[in-house]
$ cat model-v5.cif   # mmCIF, C-alpha atoms (C1' of nucleotides)
data_coords
loop_
_atom_site.label_atom_id
_atom_site.label_comp_id
_atom_site.auth_asym_id
_atom_site.auth_seq_id
_atom_site.Cartn_x
_atom_site.Cartn_y
_atom_site.Cartn_z
CA MET A 18 -23.28 18.82 -2.89
CA ALA A 19 -20.53 16.56 -1.74
CA ARG A 20 -17.37 16.37 0.27
CA GLN A 21 -15.50 19.63 0.83
CA LYS A 22 -11.83 20.44 0.26
CA GLU A 23 -9.54 19.99 3.23
CA TYR A 24 -7.34 22.89 2.20
CA ILE A 25 -7.73 26.51 1.19
CA GLU A 26 -6.37 27.14 -2.29
CA ASP A 27 -4.97 30.57 -1.43
CA GLU A 28 -3.07 29.11 1.49
CA VAL A 29 -1.44 26.26 -0.41
CA ILE A 30 -0.56 28.60 -3.29
CA GLU A 31 1.27 30.87 -0.89
CA LYS A 32 3.43 27.89 0.01
CA ALA A 33 3.89 26.89 -3.61
CA MET A 34 4.97 30.43 -4.43
CA ARG A 35 7.71 30.34 -1.81
CA LEU A 36 9.02 27.08 -3.21
CA PHE A 37 9.02 28.39 -6.79
CA TRP A 38 10.60 31.61 -5.59
CA ARG A 39 13.44 29.71 -3.94
CA ASN A 40 14.13 27.13 -6.65
CA GLY A 41 12.69 28.50 -9.87
CA TYR A 42 10.17 26.72 -12.07
CA GLU A 43 12.26 23.95 -13.59
CA ASN A 44 14.00 23.01 -10.35
CA THR A 45 10.73 22.60 -8.49
CA SER A 46 9.13 19.19 -9.01
CA VAL A 47 5.51 18.28 -8.45
CA ARG A 48 6.70 15.95 -5.67
CA MET A 49 8.31 18.89 -3.93
CA LEU A 50 5.14 20.95 -4.37
CA GLU A 51 3.18 18.06 -2.91
CA LYS A 52 5.26 18.12 0.28
CA GLU A 53 5.42 21.90 0.60
CA MET A 54 1.75 22.49 -0.12
CA GLY A 55 0.77 19.61 2.15
CA ILE A 56 -1.70 18.17 -0.35
CA ASN A 57 -1.69 15.22 -2.73
CA GLN A 58 -0.77 15.43 -6.40
CA PHE A 59 -4.35 14.62 -7.29
CA SER A 60 -5.55 17.66 -5.39
CA ILE A 61 -2.92 19.85 -7.01
CA TYR A 62 -4.07 18.82 -10.46
CA ALA A 63 -7.75 19.05 -9.51
CA SER A 64 -7.33 22.60 -8.24
CA PHE A 65 -4.80 24.07 -10.66
CA GLY A 66 -4.80 21.88 -13.77
CA ASN A 67 -1.07 21.33 -14.07
CA LYS A 68 2.32 22.50 -12.84
CA GLN A 69 2.16 25.62 -14.96
CA GLY A 70 -1.25 26.39 -13.45
CA VAL A 71 0.26 26.30 -9.98
CA PHE A 72 3.01 28.59 -11.17
CA LEU A 73 0.65 31.12 -12.73
CA GLU A 74 -1.39 31.22 -9.53
CA SER A 75 1.86 31.69 -7.61
CA LEU A 76 2.66 34.70 -9.77
CA LYS A 77 -0.80 36.12 -9.09
CA CYS A 78 -0.24 35.55 -5.40
CA TYR A 79 3.06 37.41 -5.57
CA LYS A 80 1.42 40.31 -7.33
CA LYS A 81 -1.26 40.44 -4.66
CA ASN A 82 1.38 40.45 -1.94
CA THR A 83 3.32 43.30 -3.54
CA LYS A 84 0.21 45.24 -4.52
CA GLU A 85 0.39 47.54 -1.52
CA MET A 86 3.95 48.53 -2.33
CA PHE A 87 2.95 49.44 -5.87
CA GLU A 88 -0.10 51.37 -4.74
CA ASN A 89 2.06 53.39 -2.37
CA LEU A 90 4.35 54.19 -5.26
CA ILE A 91 1.47 55.21 -7.53
CA LYS A 92 -0.25 57.53 -5.11
CA SER A 93 2.89 59.27 -3.90
CA ASN A 94 3.84 62.70 -5.25
CA ASN A 95 7.58 63.16 -4.91
CA GLY A 96 8.66 61.90 -8.33
CA VAL A 97 12.08 60.27 -8.56
CA GLU A 98 12.37 60.23 -4.80
CA ASP A 99 9.39 57.85 -4.67
CA ILE A 100 11.00 55.49 -7.14
CA LYS A 101 14.09 55.40 -4.97
CA GLU A 102 11.93 54.62 -1.96
CA PHE A 103 10.32 51.86 -4.00
CA PHE A 104 13.74 50.41 -4.79
CA TYR A 105 14.60 50.28 -1.11
CA ASN A 106 11.24 48.72 -0.27
CA SER A 107 11.55 46.04 -2.90
CA VAL A 108 14.88 44.96 -1.42
CA LYS A 109 13.40 44.87 2.06
CA VAL A 110 10.63 42.51 0.92
CA SER A 111 13.07 39.93 -0.39
CA GLY A 112 14.82 38.06 2.36
CA PHE A 113 11.99 38.91 4.70
CA ARG A 114 9.22 36.36 4.30
CA GLY A 115 10.90 33.02 4.87
CA ASN A 116 14.32 33.87 3.47
CA GLN A 117 13.29 34.30 -0.15
CA LYS A 118 15.88 36.07 -2.24
CA GLY A 119 15.49 38.52 -5.06
CA CYS A 120 12.24 39.35 -6.75
CA PHE A 121 10.06 36.44 -7.80
CA VAL A 122 9.08 38.16 -11.04
CA THR A 123 12.68 38.99 -11.93
CA ASN A 124 13.89 35.50 -11.13
CA THR A 125 11.16 34.17 -13.40
CA TYR A 126 12.08 36.72 -16.04
CA ASN A 127 15.63 35.43 -16.00
CA GLU A 128 14.68 31.78 -16.08
CA PHE A 129 12.22 32.18 -18.94
CA ALA A 130 14.25 34.62 -21.04
CA GLU A 131 15.24 31.90 -23.51
CA SER A 132 12.14 29.77 -23.02
CA GLU A 133 9.25 29.33 -25.41
CA ASP A 134 6.53 29.37 -22.79
CA VAL A 135 4.55 32.32 -24.14
CA VAL A 136 1.94 32.21 -21.37
CA ILE A 137 4.43 32.84 -18.61
CA LYS A 138 6.49 35.24 -20.72
CA GLU A 139 3.38 37.34 -21.32
CA GLN A 140 2.71 37.59 -17.61
CA ILE A 141 6.22 38.80 -16.96
CA ALA A 142 6.22 41.24 -19.87
CA SER A 143 2.99 42.86 -18.69
CA PHE A 144 4.44 43.17 -15.22
CA MET A 145 7.54 44.89 -16.56
CA ASN A 146 5.59 47.23 -18.85
CA ASN A 147 3.37 48.16 -15.97
CA LEU A 148 6.41 49.05 -13.90
CA LYS A 149 7.81 51.18 -16.71
CA GLU A 150 4.53 53.08 -17.04
CA ILE A 151 4.55 53.86 -13.34
CA PHE A 152 8.15 55.08 -13.55
CA ILE A 153 7.20 57.33 -16.45
CA GLU A 154 4.38 58.87 -14.42
CA LYS A 155 6.75 59.61 -11.57
CA LEU A 156 9.40 61.06 -13.86
CA LYS A 157 6.81 63.32 -15.47
CA MET A 158 6.36 65.07 -12.13
CA ASP A 159 9.60 66.87 -12.83
CA PRO A 160 8.60 69.58 -15.38
CA THR A 161 12.22 70.16 -16.41
CA LYS A 162 12.47 66.72 -18.03
CA ASP A 163 11.47 66.43 -21.68
CA GLU A 164 9.72 63.36 -23.05
CA GLU A 165 12.84 61.83 -24.55
CA THR A 166 14.73 62.07 -21.27
CA ILE A 167 11.80 60.57 -19.42
CA LEU A 168 11.69 57.55 -21.71
CA LYS A 169 15.43 57.02 -21.47
CA GLN A 170 15.39 57.27 -17.72
CA ALA A 171 12.41 54.93 -17.43
CA ASN A 172 14.23 52.31 -19.48
CA TYR A 173 17.29 52.82 -17.36
CA LEU A 174 15.33 52.38 -14.16
CA VAL A 175 13.61 49.19 -15.28
CA LEU A 176 16.96 47.63 -16.10
CA ALA A 177 18.44 48.96 -12.87
CA LYS A 178 15.58 47.44 -10.89
CA HIS A 179 16.29 44.21 -12.67
CA GLY A 180 19.98 44.30 -11.75
CA LEU A 181 19.05 45.17 -8.20
CA ALA A 182 16.82 42.14 -7.83
CA ALA A 183 19.56 39.88 -9.12
CA ALA A 184 22.08 41.53 -6.81
CA SER A 185 19.87 41.16 -3.74
CA ARG A 186 20.29 37.40 -4.04
CA VAL A 187 24.01 37.48 -3.32
CA ASN A 188 25.34 40.93 -2.51
CA THR A 189 25.64 42.52 0.91
CA GLU A 190 23.30 45.18 2.27
CA GLN A 191 26.01 47.82 1.91
CA GLU A 192 26.72 46.94 -1.71
CA ILE A 193 23.03 47.16 -2.47
CA LYS A 194 22.70 50.51 -0.75
CA ASP A 195 25.68 51.82 -2.73
CA TYR A 196 24.11 50.57 -5.92
CA ILE A 197 20.79 52.27 -5.29
CA GLU A 198 22.42 55.55 -4.34
CA MET A 199 24.63 55.50 -7.42
CA THR A 200 21.70 54.63 -9.63
CA PHE A 201 19.73 57.69 -8.61
CA LYS A 202 22.71 60.00 -8.79
CA ASN A 203 22.35 59.76 -12.55
CA LEU A 204 18.82 61.16 -12.70
CA MET B 4 49.17 3.13 -28.75
CA ALA B 5 45.72 2.47 -30.14
CA ARG B 6 42.82 3.98 -31.96
CA GLN B 7 42.68 7.77 -31.95
CA LYS B 8 39.77 10.09 -31.10
CA GLU B 9 37.58 11.08 -33.98
CA TYR B 10 36.94 14.51 -32.51
CA ILE B 11 38.94 17.40 -31.10
CA GLU B 12 37.99 18.13 -27.52
CA ASP B 13 38.29 21.90 -27.90
CA GLU B 14 35.96 21.81 -30.88
CA VAL B 15 33.19 19.80 -29.25
CA ILE B 16 33.44 21.91 -26.09
CA GLU B 17 32.85 25.03 -28.14
CA LYS B 18 29.59 23.45 -29.30
CA ALA B 19 28.68 22.36 -25.78
CA MET B 20 29.30 25.87 -24.53
CA ARG B 21 26.85 27.32 -27.03
CA LEU B 22 24.18 24.86 -25.94
CA PHE B 23 24.73 25.60 -22.25
CA TRP B 24 24.79 29.30 -23.01
CA ARG B 25 21.42 29.09 -24.75
CA ASN B 26 19.61 26.79 -22.32
CA GLY B 27 21.47 26.97 -19.02
CA TYR B 28 22.87 24.01 -17.15
CA GLU B 29 19.75 22.30 -15.87
CA ASN B 30 17.82 22.63 -19.12
CA THR B 31 20.58 21.02 -21.13
CA SER B 32 20.48 17.23 -21.07
CA VAL B 33 23.29 14.86 -21.88
CA ARG B 34 21.23 13.66 -24.86
CA MET B 35 21.13 17.22 -26.18
CA LEU B 36 24.87 17.56 -25.64
CA GLU B 37 25.36 14.29 -27.52
CA LYS B 38 23.55 15.67 -30.57
CA GLU B 39 25.12 19.12 -30.47
CA MET B 40 28.66 17.92 -29.84
CA GLY B 41 28.26 15.22 -32.45
CA ILE B 42 29.78 12.52 -30.27
CA ASN B 43 28.40 9.64 -28.23
CA GLN B 44 27.63 9.80 -24.52
CA PHE B 45 30.45 7.37 -23.89
CA SER B 46 32.93 9.76 -25.47
CA ILE B 47 31.53 12.68 -23.48
CA TYR B 48 32.05 10.83 -20.23
CA ALA B 49 35.45 9.49 -21.33
CA SER B 50 36.69 12.98 -22.17
CA PHE B 51 35.07 15.12 -19.47
CA GLY B 52 34.03 12.79 -16.65
CA ASN B 53 30.46 13.95 -16.24
CA LYS B 54 27.98 16.66 -17.17
CA GLN B 55 29.50 19.11 -14.72
CA GLY B 56 32.90 18.43 -16.27
CA VAL B 57 31.56 19.43 -19.66
CA PHE B 58 30.12 22.57 -18.13
CA LEU B 59 33.34 23.56 -16.38
CA GLU B 60 35.24 23.12 -19.63
CA SER B 61 32.59 25.22 -21.35
CA LEU B 62 33.19 28.00 -18.83
CA LYS B 63 36.93 27.77 -19.49
CA CYS B 64 36.24 27.95 -23.20
CA TYR B 65 34.11 31.06 -22.69
CA LYS B 66 36.86 32.69 -20.68
CA LYS B 67 39.35 31.91 -23.42
CA ASN B 68 37.04 33.43 -26.02
CA THR B 69 36.57 36.63 -24.04
CA LYS B 70 40.20 36.86 -22.95
CA GLU B 71 41.12 39.32 -25.66
CA MET B 72 38.36 41.70 -24.63
CA PHE B 73 39.59 41.65 -21.05
CA GLU B 74 43.20 42.14 -22.08
CA ASN B 75 42.25 45.16 -24.13
CA LEU B 76 40.48 46.55 -21.09
CA ILE B 77 43.45 45.91 -18.81
CA LYS B 78 46.09 47.49 -21.03
CA SER B 79 44.07 50.57 -21.92
CA ASN B 80 44.73 53.90 -20.18
CA ASN B 81 41.59 56.00 -20.35
CA GLY B 82 40.02 54.99 -17.04
CA VAL B 83 36.23 55.05 -16.88
CA GLU B 84 35.99 55.55 -20.63
CA ASP B 85 37.61 52.12 -21.12
CA ILE B 86 35.08 50.47 -18.86
CA LYS B 87 32.30 52.00 -20.92
CA GLU B 88 33.96 50.70 -24.06
CA PHE B 89 34.13 47.29 -22.40
CA PHE B 90 30.39 47.46 -21.66
CA TYR B 91 29.66 48.14 -25.31
CA ASN B 92 31.98 45.34 -26.43
CA SER B 93 30.45 42.81 -24.09
CA VAL B 94 27.02 43.50 -25.57
CA LYS B 95 28.40 43.16 -29.09
CA VAL B 96 29.78 39.69 -28.31
CA SER B 97 26.44 38.36 -27.21
CA GLY B 98 24.05 37.81 -30.07
CA PHE B 99 26.99 37.58 -32.41
CA ARG B 100 28.34 34.05 -32.42
CA GLY B 101 25.38 31.86 -33.29
CA ASN B 102 22.68 33.99 -31.69
CA GLN B 103 23.70 33.50 -28.08
CA LYS B 104 22.17 35.99 -25.72
CA GLY B 105 23.53 37.67 -22.64
CA CYS B 106 26.78 36.76 -20.96
CA PHE B 107 27.39 33.06 -20.33
CA VAL B 108 28.97 33.78 -16.94
CA THR B 109 26.12 36.04 -15.84
CA ASN B 110 23.50 33.56 -16.98
CA THR B 111 25.30 30.90 -14.97
CA TYR B 112 25.56 33.28 -12.03
CA ASN B 113 21.80 33.73 -12.10
CA GLU B 114 21.03 30.05 -12.46
CA PHE B 115 23.35 28.99 -9.65
CA ALA B 116 22.59 31.82 -7.22
CA GLU B 117 20.44 29.57 -5.04
CA SER B 118 22.28 26.34 -5.86
CA GLU B 119 24.65 24.40 -3.63
CA ASP B 120 27.12 23.49 -6.33
CA VAL B 121 30.20 25.08 -4.75
CA VAL B 122 32.52 24.13 -7.61
CA ILE B 123 30.62 26.13 -10.19
CA LYS B 124 29.81 28.95 -7.76
CA GLU B 125 33.53 29.34 -7.04
CA GLN B 126 34.30 29.68 -10.73
CA ILE B 127 31.71 32.41 -11.11
CA ALA B 128 32.75 34.25 -7.95
CA SER B 129 36.37 34.37 -9.04
CA PHE B 130 35.29 35.70 -12.41
CA MET B 131 33.24 38.46 -10.78
CA ASN B 132 35.99 39.41 -8.31
CA ASN B 133 38.44 39.57 -11.14
CA LEU B 134 36.16 41.96 -13.01
CA LYS B 135 35.81 44.16 -9.93
CA GLU B 136 39.58 44.36 -9.51
CA ILE B 137 39.99 45.46 -13.09
CA PHE B 138 37.31 48.12 -12.64
CA ILE B 139 39.10 49.39 -9.55
CA GLU B 140 42.36 49.72 -11.47
CA LYS B 141 40.63 51.75 -14.16
CA LEU B 142 38.86 53.97 -11.65
CA LYS B 143 42.15 54.63 -9.86
CA MET B 144 43.40 56.37 -13.00
CA ASP B 145 41.30 59.34 -12.01
CA PRO B 146 43.34 61.02 -9.23
CA THR B 147 40.36 63.04 -8.02
CA LYS B 148 38.57 59.90 -6.77
CA ASP B 149 39.23 58.81 -3.20
CA GLU B 150 39.39 55.13 -2.24
CA GLU B 151 35.88 55.00 -0.84
CA THR B 152 34.38 56.42 -4.02
CA ILE B 153 36.36 53.98 -6.10
CA LEU B 154 35.07 50.99 -4.15
CA LYS B 155 31.48 52.22 -4.34
CA GLN B 156 31.71 52.85 -8.04
CA ALA B 157 33.36 49.48 -8.68
CA ASN B 158 30.53 47.72 -6.85
CA TYR B 159 28.04 49.74 -8.81
CA LEU B 160 29.66 48.86 -12.11
CA VAL B 161 29.77 45.13 -11.40
CA LEU B 162 26.05 45.14 -10.65
CA ALA B 163 25.38 47.35 -13.65
CA LYS B 164 27.31 44.95 -15.87
CA HIS B 165 25.18 42.20 -14.43
CA GLY B 166 21.95 44.02 -15.21
CA LEU B 167 23.23 44.79 -18.67
CA ALA B 168 23.92 41.15 -19.46
CA ALA B 169 20.42 40.23 -18.36
CA ALA B 170 18.97 43.06 -20.39
CA SER B 171 20.84 42.10 -23.54
CA ARG B 172 18.79 38.91 -23.66
CA VAL B 173 15.52 40.72 -24.27
CA ASN B 174 15.89 44.46 -24.64
CA THR B 175 16.40 46.40 -27.86
CA GLU B 176 19.71 47.87 -28.97
CA GLN B 177 18.45 51.38 -28.26
CA GLU B 178 17.35 50.51 -24.74
CA ILE B 179 20.72 48.98 -24.06
CA LYS B 180 22.55 52.00 -25.42
CA ASP B 181 20.42 54.28 -23.23
CA TYR B 182 21.20 52.13 -20.24
CA ILE B 183 24.96 52.21 -20.78
CA GLU B 184 24.99 55.96 -21.35
CA MET B 185 22.94 56.58 -18.22
CA THR B 186 25.15 54.27 -16.20
CA PHE B 187 28.29 56.23 -17.01
CA LYS B 188 26.76 59.67 -16.82
CA ASN B 189 28.14 60.52 -13.39
CA LEU B 190 31.33 58.53 -13.03
"C1'" DT C 19 -30.82 5.69 5.30
"C1'" DT C 20 -29.49 5.70 1.01
"C1'" DA C 21 -27.58 7.57 -3.17
"C1'" DA C 22 -24.82 10.83 -5.50
"C1'" DA C 23 -21.00 13.81 -5.88
"C1'" DA C 24 -16.73 15.44 -4.88
"C1'" DA C 25 -12.11 14.87 -2.57
"C1'" DC C 26 -9.12 11.75 -0.84
"C1'" DT C 27 -4.99 7.89 -1.12
"C1'" DA C 28 -1.65 5.56 -3.49
"C1'" DA C 29 -0.10 3.06 -7.18
"C1'" DG C 30 1.35 3.41 -11.82
"C1'" DC C 31 2.31 5.33 -16.60
"C1'" DA C 32 5.42 6.79 -20.36
"C1'" DA C 33 9.10 9.64 -21.08
"C1'" DG C 34 13.31 11.82 -19.72
"C1'" DT C 35 17.37 12.23 -16.48
"C1'" DG C 36 22.67 11.30 -15.62
"C1'" DC C 37 25.56 7.63 -16.14
"C1'" DT C 38 27.42 2.66 -17.18
"C1'" DT C 39 28.52 -1.37 -19.60
"C1'" DA C 40 29.03 -5.15 -23.01
"C1'" DG C 41 30.65 -5.87 -27.32
"C1'" DA C 42 32.15 -4.30 -32.05
"C1'" DT C 43 35.68 -1.53 -34.48
"C1'" DA C 44 39.86 0.69 -35.61
"C1'" DA C 45 44.70 1.95 -35.26
"C1'" DA C 46 49.39 1.62 -33.59
"C1'" DT C 47 53.16 -1.73 -31.88
"C1'" DT C 48 55.40 -6.05 -32.01
"C1'" DA D 29 49.91 -10.67 -39.62
"C1'" DA D 30 48.92 -10.78 -34.72
"C1'" DT D 31 48.25 -8.47 -30.50
"C1'" DT D 32 47.29 -4.77 -27.75
"C1'" DT D 33 44.89 -0.72 -26.52
"C1'" DA D 34 41.78 2.78 -26.90
"C1'" DT D 35 37.60 4.36 -29.25
"C1'" DC D 36 33.32 3.56 -30.98
"C1'" DT D 37 27.99 2.00 -30.93
"C1'" DA D 38 23.95 1.12 -28.65
"C1'" DA D 39 21.49 -0.97 -25.18
"C1'" DG D 40 20.33 -0.60 -20.50
"C1'" DC D 41 20.64 0.89 -15.53
"C1'" DA D 42 18.11 3.10 -11.57
"C1'" DC D 43 15.91 7.20 -10.69
"C1'" DT D 44 13.08 11.39 -11.42
"C1'" DT D 45 9.88 13.90 -14.21
"C1'" DG D 46 4.77 15.59 -15.08
"C1'" DC D 47 0.53 13.56 -15.02
"C1'" DT D 48 -3.38 9.89 -14.64
"C1'" DT D 49 -6.30 6.54 -12.85
"C1'" DA D 50 -8.53 2.98 -10.02
"C1'" DG D 51 -10.52 2.61 -5.86
"C1'" DT D 52 -11.74 4.39 -1.12
"C1'" DT D 53 -13.57 7.84 2.05
"C1'" DT D 54 -16.28 11.67 3.37
"C1'" DT D 55 -20.04 14.84 3.00
"C1'" DT D 56 -24.40 16.69 1.57
"C1'" DA D 57 -29.17 16.19 -0.17
"C1'" DA D 58 -33.14 13.33 -1.26
#

$ encode --input "model-v5.cif" --output "structure tokens"
Amino acid sequence: MARQKEYIEDEVIEKAMRLFWRNGYENTSVRMLEKEMGINQFSIYASFGNKQGVFLESLKCYKKNTKEMFENLIKSNNGVEDIKEFFYNSVKVSGFRGNQKGCFVTNTYNEFAESEDVVIKEQIASFMNNLKEIFIEKLKMDPTKDEETILKQANYLVLAKHGLAAASRVNTEQEIKDYIEMTFKNL
Amino acid sequence: MARQKEYIEDEVIEKAMRLFWRNGYENTSVRMLEKEMGINQFSIYASFGNKQGVFLESLKCYKKNTKEMFENLIKSNNGVEDIKEFFYNSVKVSGFRGNQKGCFVTNTYNEFAESEDVVIKEQIASFMNNLKEIFIEKLKMDPTKDEETILKQANYLVLAKHGLAAASRVNTEQEIKDYIEMTFKNL
DNA sequence: TTAAAAACTAAGCAAGTGCTTAGATAAATT
DNA sequence: AATTTATCTAAGCACTTGCTTAGTTTTTAA
């Protein structure tokens, strides 16, 4: 064996994630990552391959951090009411840990909408589809809803969640509350 | 007098706008603008000062192009139904002229949410406030709504419009239709 | 104690960024 | 036709980008 790393990869990725979350992918340079992660460029490339590698690990890290919230949603049994709770929780998370705004996945989704980076786009798409599936499960708990309605409402909720994440970057708490309440009035 | 310009500023701005619309501000370089606008960097800087100047003119150009849609909304008299119509129209516009996606203003709004460029942020904010005011006027046409409800619903609609613009970049026509219908279900 | 292996530092690479400038070209005025 | 004035081309500026590499330091195992 030989010399050992002076940093823990999970720890420096957490810091990288925050930087990406704040500035987006394109507006975060490797020099900025270097400073924020507290390690040299060489180490960044040795550990994660390239800038995109750091970003993909940051996405994983975000998913790990929000895992609990999703698990709570999955195992709950109150249908639409749980989704609403999830909406409120997802707003609470943003702006909590070190002033990050919005949802990291949604921000990325927006930034890469017109991009050709299939690797990152795949990640985001799977995340979104996963969310939709969960919504469908919750909606199914109401026996009065037929399949068509469920699909429509799931689509609606995914887009609403998307709008919410964008809104949470600039709008006030009251505006966001109003938005969530109005959104679920329609179900 | 002396030599005259070989291009019409309004025409080259139209092309610049499309490029910005597709790629956003940061991912559009002056070299790309040069190619798309068909004029030299010198001419770009002579006519518009700098990159931000080109962008601001592009925003103006976008507003001019969508002016008619807004005027139709303002002079109509069917309240909420007009706003819904406006939602459908705003989706039609995107993806029409040369495959642009989403709303140029909303895309800009997303990109500059965390930025410190006050000039551009002001432009966007005024655009959004303007939209909210128009929504309020339309909602007021229903005498059964009290002021509080009107404000809540106006906020909701601005955010919904925002989500819609983001959605129109990736979602299918059916999903978008579902979303609009669901949004207006209870207004 | 020495040799090997991995992680460190820091300088440097080519390419791209927004923007400028020197000099050639063209058109209107005298 | 000559002069003026503004536009053009194209080269170049300093700086930033993602990434690499040469060379040093540290750690473990033989």

$ residues_around --input "model-v5.cif" --residues "DT39 in chain C" --least-positions-apart "2" --cutoff "12 Å" --atoms "all atoms listed in the file" --output "PyMOL selection string"
(chain B and resi 45) or (chain C and resi 37+41) or (chain D and resi 37-41)

$ interface_residues --input "model-v5.cif" --of "chain C" --to "chain A" --cutoff "12 Å" --atoms "only C-alpha atoms (C1' of nucleotides)" --output "list of chain:residue names"
C:DA21, C:DA22, C:DA23, C:DA24, C:DA25, C:DC26, C:DT27, C:DA28

$ atom_distance --input "model-v5.cif" --atom1 "CA of Ile139 in chain B" --atom2 "CA of Glu117 in chain B"
27.6 Å

$ resolve_selection --input "model-v5.cif" --expression "the PyMOL selection byres ((chain D) within 10 of (chain B))" --output "PyMOL selection string"
chain D and resi 32-38

$ atom_distance --input "model-v5.cif" --atom1 "CA of Phe87 in chain A" --atom2 "CA of Glu128 in chain A"
23.5 Å

$ residues_around --input "model-v5.cif" --residues "Glu178 in chain B" --least-positions-apart "2" --cutoff "12 Å" --atoms "all atoms listed in the file" --output "ChimeraX atom specification"
/A:168-176 /B:94,167,170-176,180-185

$ resolve_selection --input "model-v5.cif" --expression "the PyMOL selection byres ((chain D and resi 31) around 9)" --output "PyMOL selection string"
(chain C and resi 47-48) or (chain D and resi 30+32)

$ closest_residue --input "model-v5.cif" --among "A:Ile25, A:Gln69, A:Lys157, A:Phe129" --to "Thr45 in chain A" --atoms "all atoms listed in the file"
A:Gln69

$ resolve_selection --input "model-v5.cif" --expression "the PyMOL selection byres ((chain A and resi 73) around 12)" --output "VMD selection string"
chain A and resid 30 to 31 33 to 34 37 42 65 to 72 74 to 80 121 to 122 125 134 136 to 141

$ decode --input "model-v5.cif" --residues "range 113-128 of chain B" --atoms "N, CA and C atoms" --output "PDB file, in the first residue's frame"
ATOM      1  N   ASN B 113     -35.305  31.729 -14.879  1.00  0.00           N
ATOM      2  CA  ASN B 113     -34.658  30.577 -14.236  1.00  0.00           C
ATOM      3  C   ASN B 113     -33.148  30.746 -14.189  1.00  0.00           C
ATOM      4  N   GLU B 114     -32.587  31.122 -15.319  1.00  0.00           N
ATOM      5  CA  GLU B 114     -31.125  31.229 -15.385  1.00  0.00           C
ATOM      6  C   GLU B 114     -30.583  32.303 -14.442  1.00  0.00           C
ATOM      7  N   PHE B 115     -31.334  33.399 -14.289  1.00  0.00           N
ATOM      8  CA  PHE B 115     -30.811  34.514 -13.514  1.00  0.00           C
ATOM      9  C   PHE B 115     -31.316  34.562 -12.074  1.00  0.00           C
ATOM     10  N   ALA B 116     -32.030  33.520 -11.665  1.00  0.00           N
ATOM     11  CA  ALA B 116     -32.608  33.499 -10.317  1.00  0.00           C
ATOM     12  C   ALA B 116     -31.535  33.719  -9.251  1.00  0.00           C
ATOM     13  N   GLU B 117     -30.395  33.077  -9.416  1.00  0.00           N
ATOM     14  CA  GLU B 117     -29.334  33.170  -8.409  1.00  0.00           C
ATOM     15  C   GLU B 117     -28.256  34.185  -8.809  1.00  0.00           C
ATOM     16  N   SER B 118     -28.455  34.862  -9.924  1.00  0.00           N
ATOM     17  CA  SER B 118     -27.435  35.775 -10.431  1.00  0.00           C
ATOM     18  C   SER B 118     -27.465  37.123  -9.712  1.00  0.00           C
ATOM     19  N   GLU B 119     -26.465  37.941  -9.953  1.00  0.00           N
ATOM     20  CA  GLU B 119     -26.446  39.266  -9.340  1.00  0.00           C
ATOM     21  C   GLU B 119     -26.595  40.374 -10.382  1.00  0.00           C
ATOM     22  N   ASP B 120     -26.957  39.979 -11.578  1.00  0.00           N
ATOM     23  CA  ASP B 120     -27.155  40.946 -12.651  1.00  0.00           C
ATOM     24  C   ASP B 120     -28.489  41.662 -12.454  1.00  0.00           C
ATOM     25  N   VAL B 121     -28.456  42.797 -11.739  1.00  0.00           N
ATOM     26  CA  VAL B 121     -29.697  43.491 -11.392  1.00  0.00           C
ATOM     27  C   VAL B 121     -30.428  44.020 -12.618  1.00  0.00           C
ATOM     28  N   VAL B 122     -29.686  44.432 -13.632  1.00  0.00           N
ATOM     29  CA  VAL B 122     -30.322  45.003 -14.826  1.00  0.00           C
ATOM     30  C   VAL B 122     -31.278  43.998 -15.453  1.00  0.00           C
ATOM     31  N   ILE B 123     -30.775  42.808 -15.693  1.00  0.00           N
ATOM     32  CA  ILE B 123     -31.612  41.786 -16.318  1.00  0.00           C
ATOM     33  C   ILE B 123     -32.711  41.328 -15.360  1.00  0.00           C
ATOM     34  N   LYS B 124     -32.381  41.173 -14.093  1.00  0.00           N
ATOM     35  CA  LYS B 124     -33.378  40.729 -13.113  1.00  0.00           C
ATOM     36  C   LYS B 124     -34.544  41.722 -13.027  1.00  0.00           C
ATOM     37  N   GLU B 125     -34.232  43.014 -13.137  1.00  0.00           N
ATOM     38  CA  GLU B 125     -35.283  44.031 -13.119  1.00  0.00           C
ATOM     39  C   GLU B 125     -36.242  43.859 -14.290  1.00  0.00           C
ATOM     40  N   GLN B 126     -35.670  43.644 -15.462  1.00  0.00           N
ATOM     41  CA  GLN B 126     -36.473  43.437 -16.661  1.00  0.00           C
ATOM     42  C   GLN B 126     -37.467  42.306 -16.447  1.00  0.00           C
ATOM     43  N   ILE B 127     -36.953  41.189 -15.942  1.00  0.00           N
ATOM     44  CA  ILE B 127     -37.785  40.012 -15.747  1.00  0.00           C
ATOM     45  C   ILE B 127     -38.860  40.263 -14.694  1.00  0.00           C
ATOM     46  N   ALA B 128     -38.448  40.905 -13.589  1.00  0.00           N
ATOM     47  CA  ALA B 128     -39.397  41.167 -12.503  1.00  0.00           C
ATOM     48  C   ALA B 128     -40.553  42.026 -12.988  1.00  0.00           C
TER      49      ALA B 128
END
